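Here is the structure we will look at, set down as structure tokens.
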Amino acid sequence: MTAKSPIQDPRIKNSKHLLRELAEQRGLAGLLHGDATASFGERYRMRQQLDEAARQKNLETIIRQAHELCGSDVGGEPDPDWLSHFLSLAENIRHAAMQQFWASILSREIAQPGRCSVQALTCLRRMTQKDALLLQKASALSCHFGDDNLRLFLGYRQKGLWQGLRQQKLSPGKYRLPYAGLMQLFELGLLHQTELESGELNTANPLTLILGERRLQLSPRRRGIRLLYYRFTGIGNELATLMTEAAPKEYITDVLELLAPLGQLEQAESSA
């Protein structure tokens, strides 16, 4: 008795079927059908029409989503050259999640013109959805101290007269940002590849550390403490500030536990 083959899920498509579908969507399936009556020139013009229609759909989708994100606050008109660059770059964005991100950039630019540079848009156009998700993870783990430049906090290094060199570090991979992801952010020019350290923390002057929604003050007990971090590039800083993912609670807890032995750590008053 011949065994019955398992019933295949109709949603699962083999590679031939997928390639045929993709080719038909892009107007490139003429030779696959074998009996195409239109000439190559005619099929080329049809493909151009499909591409232009897709670009129009992409832009209209982004504009509609941006309109939904705009509020009732007074806005400003974006620089016309910036808007031209935005439209020329955004017209080929087909992925729904990336369209939503481009829409958020446009809505914010209308609310506050000059927030996102053309250079940042050009970099974003080269990014895939996976790249954007990596940047979103890095942004959620970012902090800043001393200035408004975002930093990916790693830990601290302490050099004492009697204790020698002591170092404590977090692993970004624990918070879904593996080292391979960091390497990708380096290659995209969003993070500086060199691990940096801050100046020595001043025991007489508390350090204000802004971590997500938390504004903390660290008053070191001893000298010789330096914080370790990766610094976002200028473009990386621009794009990361547009991300909205909150810092993982586990990450906040781990940072607080790591910093607690260094000195007094308390909630700082808002500067607003």
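All residue names refer to the structure tokens as shown: chains lettered A, B, ... in order, residues numbered from 1 in each chain, ligands numbered from 1 in order.
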
So that I can check the surroundings of segment 93-103 of chain A, please list as an MDAnalysis selection string every protein, DNA and RNA residue that reaches within 9 Å of it, counting only C-alpha atoms and ignoring chain neighbours fewer than 4 positions away. chainID A and resid 54:55 57:59 61:67 69 86 89 107:108 121 125 128:129 132 242:243

Need the shell around Pro261 of chain A: protein/DNA/RNA residues with any atom at most 10 Å away, counting only C-alpha atoms. Skip same-chain ones fewer than 4 positions apart. Format as JSON, numbers by chain? {"A": [220, 221, 256, 257, 265]}

Written selection (N, CA and C atoms) as a compact mmCIF listing (two decimals), in the first residue's frame:
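Generated file (out-v9.txt):
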# COMPACT_ATOMS: atom_id res chain seq x y z
N PRO A 220 30.16 59.55 42.32
CA PRO A 220 31.15 58.50 42.58
C PRO A 220 31.78 58.63 43.97
N ARG A 221 32.05 57.48 44.57
CA ARG A 221 32.70 57.47 45.88
C ARG A 221 34.22 57.57 45.75
N LEU A 256 21.33 49.87 36.39
CA LEU A 256 21.26 50.40 37.76
C LEU A 256 22.07 49.53 38.72
N GLU A 257 21.98 48.22 38.57
CA GLU A 257 22.74 47.32 39.45
C GLU A 257 24.25 47.44 39.19
N LEU A 265 23.49 56.76 43.68
CA LEU A 265 22.75 56.83 42.43
C LEU A 265 21.30 57.17 42.77

What residues in segment 114-203 of chain A get the DSSP label strand (DSSP E)? Please answer as an NGL selection string. :A and (142-144 or 151-160 or 164-169 or 196-197)

Enumerate, as number ranges by chain, the complete set of residues in segment 34-260 of chain A that a backbone-based DSSP assignment places in helix (DSSP H, G or I). A: 40-69, 80-90, 96-111, 118-125, 129-140, 172-175, 179-187, 234-240, 249-260

Fewer than 2 positions away in the same chain doesn't count, so skip those; otherwise give me all residues within 7 Å of Glu245 of chain A, counting only C-alpha atoms, as an MDAnalysis selection string. chainID A and resid 136 140 243 247

Could you check how far atom CA of Ala90 of chain A sits from atom CA of Arg43 of chain A, in Å to one decimal?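 Between atom CA of Ala90 of chain A and atom CA of Arg43 of chain A the gap works out to 25.7 Å.
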
Residue contacts of Gln112 of chain A (8 Å, only C-alpha atoms) excluding same-chain residues fewer than 3 positions away, as a PyMOL selection string: chain A and resi 75-76+108-109+115

Please save N, CA and C atoms of the selected residues as a PDB file, in the first residue's frame.
ATOM      1  N   GLY A  75       2.800  73.776  12.591  1.00  0.00           N
ATOM      2  CA  GLY A  75       3.961  73.182  11.938  1.00  0.00           C
ATOM      3  C   GLY A  75       4.696  74.200  11.094  1.00  0.00           C
ATOM      4  N   GLY A  76       5.580  73.725  10.265  1.00  0.00           N
ATOM      5  CA  GLY A  76       6.351  74.567   9.370  1.00  0.00           C
ATOM      6  C   GLY A  76       6.528  73.863   8.046  1.00  0.00           C
ATOM      7  N   ARG A 108       7.280  64.464  11.378  1.00  0.00           N
ATOM      8  CA  ARG A 108       8.115  65.198  12.334  1.00  0.00           C
ATOM      9  C   ARG A 108       8.815  66.381  11.667  1.00  0.00           C
ATOM     10  N   GLU A 109       9.168  66.212  10.405  1.00  0.00           N
ATOM     11  CA  GLU A 109       9.821  67.306   9.680  1.00  0.00           C
ATOM     12  C   GLU A 109       8.862  68.465   9.471  1.00  0.00           C
ATOM     13  N   ARG A 115      14.868  68.819  11.154  1.00  0.00           N
ATOM     14  CA  ARG A 115      15.172  67.783  12.143  1.00  0.00           C
ATOM     15  C   ARG A 115      15.973  66.626  11.546  1.00  0.00           C
TER      16      ARG A 115
END

So how far away is atom CA of Leu218 of chain A from atom CA of Val255 of chain A, in Å?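 Computing it gives 12.0 Å between the two atoms.
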
In Å, with one decimal, what is the gap from atom CA of Leu227 of chain A to atom CA of Tyr156 of chain A?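 Here the two named atoms are 4.2 Å from each other.
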
Smallest atom-to-atom distance to Arg166 of chain A: which of A:Gly41, A:Gly27, A:Gly224, A:Pro78, using only C-alpha atoms? A:Gly224

12 Å contact set for Phe232 of chain A, only C-alpha atoms, chain neighbours under 5 positions out, as a ChimeraX atom specification: /A:135,138-139,141-144,148-153,182,185-186,188-196,237-241

With N, CA and C atoms retained, could you export that selection as a tab-separated table (two decimals), in the first residue's frame?
chain	number	residue	atom	x	y	z
A	135	LEU	N	19.07	49.21	14.37
A	135	LEU	CA	19.24	50.57	14.87
A	135	LEU	C	18.21	50.87	15.96
A	138	ALA	N	19.51	49.36	19.13
A	138	ALA	CA	20.62	50.15	19.66
A	138	ALA	C	20.10	51.44	20.28
A	139	SER	N	19.12	52.06	19.63
A	139	SER	CA	18.54	53.30	20.15
A	139	SER	C	17.88	53.06	21.50
A	141	LEU	N	18.79	51.05	23.71
A	141	LEU	CA	19.82	50.83	24.72
A	141	LEU	C	20.71	52.05	24.90
A	142	SER	N	20.36	53.15	24.26
A	142	SER	CA	21.23	54.32	24.27
A	142	SER	C	20.98	55.22	25.48
A	143	CYS	N	21.96	56.07	25.75
A	143	CYS	CA	21.84	57.05	26.81
A	143	CYS	C	22.65	58.27	26.40
A	144	HIS	N	22.60	59.32	27.16
A	144	HIS	CA	23.53	60.41	26.93
A	144	HIS	C	23.88	61.09	28.24
A	148	ASP	N	24.19	66.05	24.16
A	148	ASP	CA	23.02	65.37	23.59
A	148	ASP	C	23.37	64.23	22.65
A	149	ASN	N	24.65	63.91	22.49
A	149	ASN	CA	25.05	62.81	21.61
A	149	ASN	C	24.72	61.47	22.27
A	150	LEU	N	24.05	60.62	21.50
A	150	LEU	CA	23.67	59.31	22.03
A	150	LEU	C	24.88	58.39	22.13
A	151	ARG	N	24.87	57.58	23.15
A	151	ARG	CA	25.94	56.60	23.37
A	151	ARG	C	25.31	55.26	23.71
A	152	LEU	N	25.95	54.20	23.25
A	152	LEU	CA	25.52	52.84	23.61
A	152	LEU	C	26.37	52.43	24.80
A	153	PHE	N	25.79	52.49	25.98
A	153	PHE	CA	26.51	52.25	27.24
A	153	PHE	C	26.94	50.80	27.35
A	182	LEU	N	25.95	44.69	15.87
A	182	LEU	CA	26.82	45.85	16.07
A	182	LEU	C	27.73	46.05	14.86
A	185	LEU	N	25.89	47.75	12.14
A	185	LEU	CA	25.72	49.18	12.42
A	185	LEU	C	27.03	49.94	12.20
A	186	PHE	N	28.16	49.29	12.49
A	186	PHE	CA	29.45	49.90	12.18
A	186	PHE	C	29.60	50.11	10.68
A	188	LEU	N	27.36	50.32	8.39
A	188	LEU	CA	26.42	51.30	7.86
A	188	LEU	C	26.80	52.73	8.22
A	189	GLY	N	27.80	52.88	9.08
A	189	GLY	CA	28.21	54.21	9.49
A	189	GLY	C	27.28	54.84	10.51
A	190	LEU	N	26.62	54.01	11.32
A	190	LEU	CA	25.69	54.51	12.32
A	190	LEU	C	26.29	54.53	13.72
A	191	LEU	N	27.28	53.69	13.94
A	191	LEU	CA	28.02	53.64	15.20
A	191	LEU	C	29.51	53.73	14.91
A	192	HIS	N	30.24	54.47	15.74
A	192	HIS	CA	31.70	54.45	15.64
A	192	HIS	C	32.21	53.12	16.17
A	193	GLN	N	33.12	52.50	15.44
A	193	GLN	CA	33.54	51.14	15.76
A	193	GLN	C	34.42	51.07	17.01
A	194	THR	N	35.11	52.14	17.34
A	194	THR	CA	36.03	52.12	18.47
A	194	THR	C	35.28	52.24	19.80
A	195	GLU	N	35.61	51.36	20.71
A	195	GLU	CA	35.05	51.46	22.06
A	195	GLU	C	35.73	52.63	22.77
A	196	LEU	N	34.94	53.54	23.29
A	196	LEU	CA	35.45	54.75	23.90
A	196	LEU	C	35.24	54.72	25.41
A	237	ASN	N	23.04	59.28	15.08
A	237	ASN	CA	22.37	60.01	16.15
A	237	ASN	C	21.04	60.59	15.65
A	238	GLU	N	21.05	61.13	14.42
A	238	GLU	CA	19.82	61.68	13.84
A	238	GLU	C	18.74	60.62	13.73
A	239	LEU	N	19.10	59.48	13.14
A	239	LEU	CA	18.11	58.44	12.90
A	239	LEU	C	17.68	57.76	14.20
A	240	ALA	N	18.61	57.58	15.13
A	240	ALA	CA	18.27	56.90	16.38
A	240	ALA	C	17.28	57.71	17.21
A	241	THR	N	17.39	59.04	17.14
A	241	THR	CA	16.45	59.87	17.91
A	241	THR	C	15.03	59.80	17.36
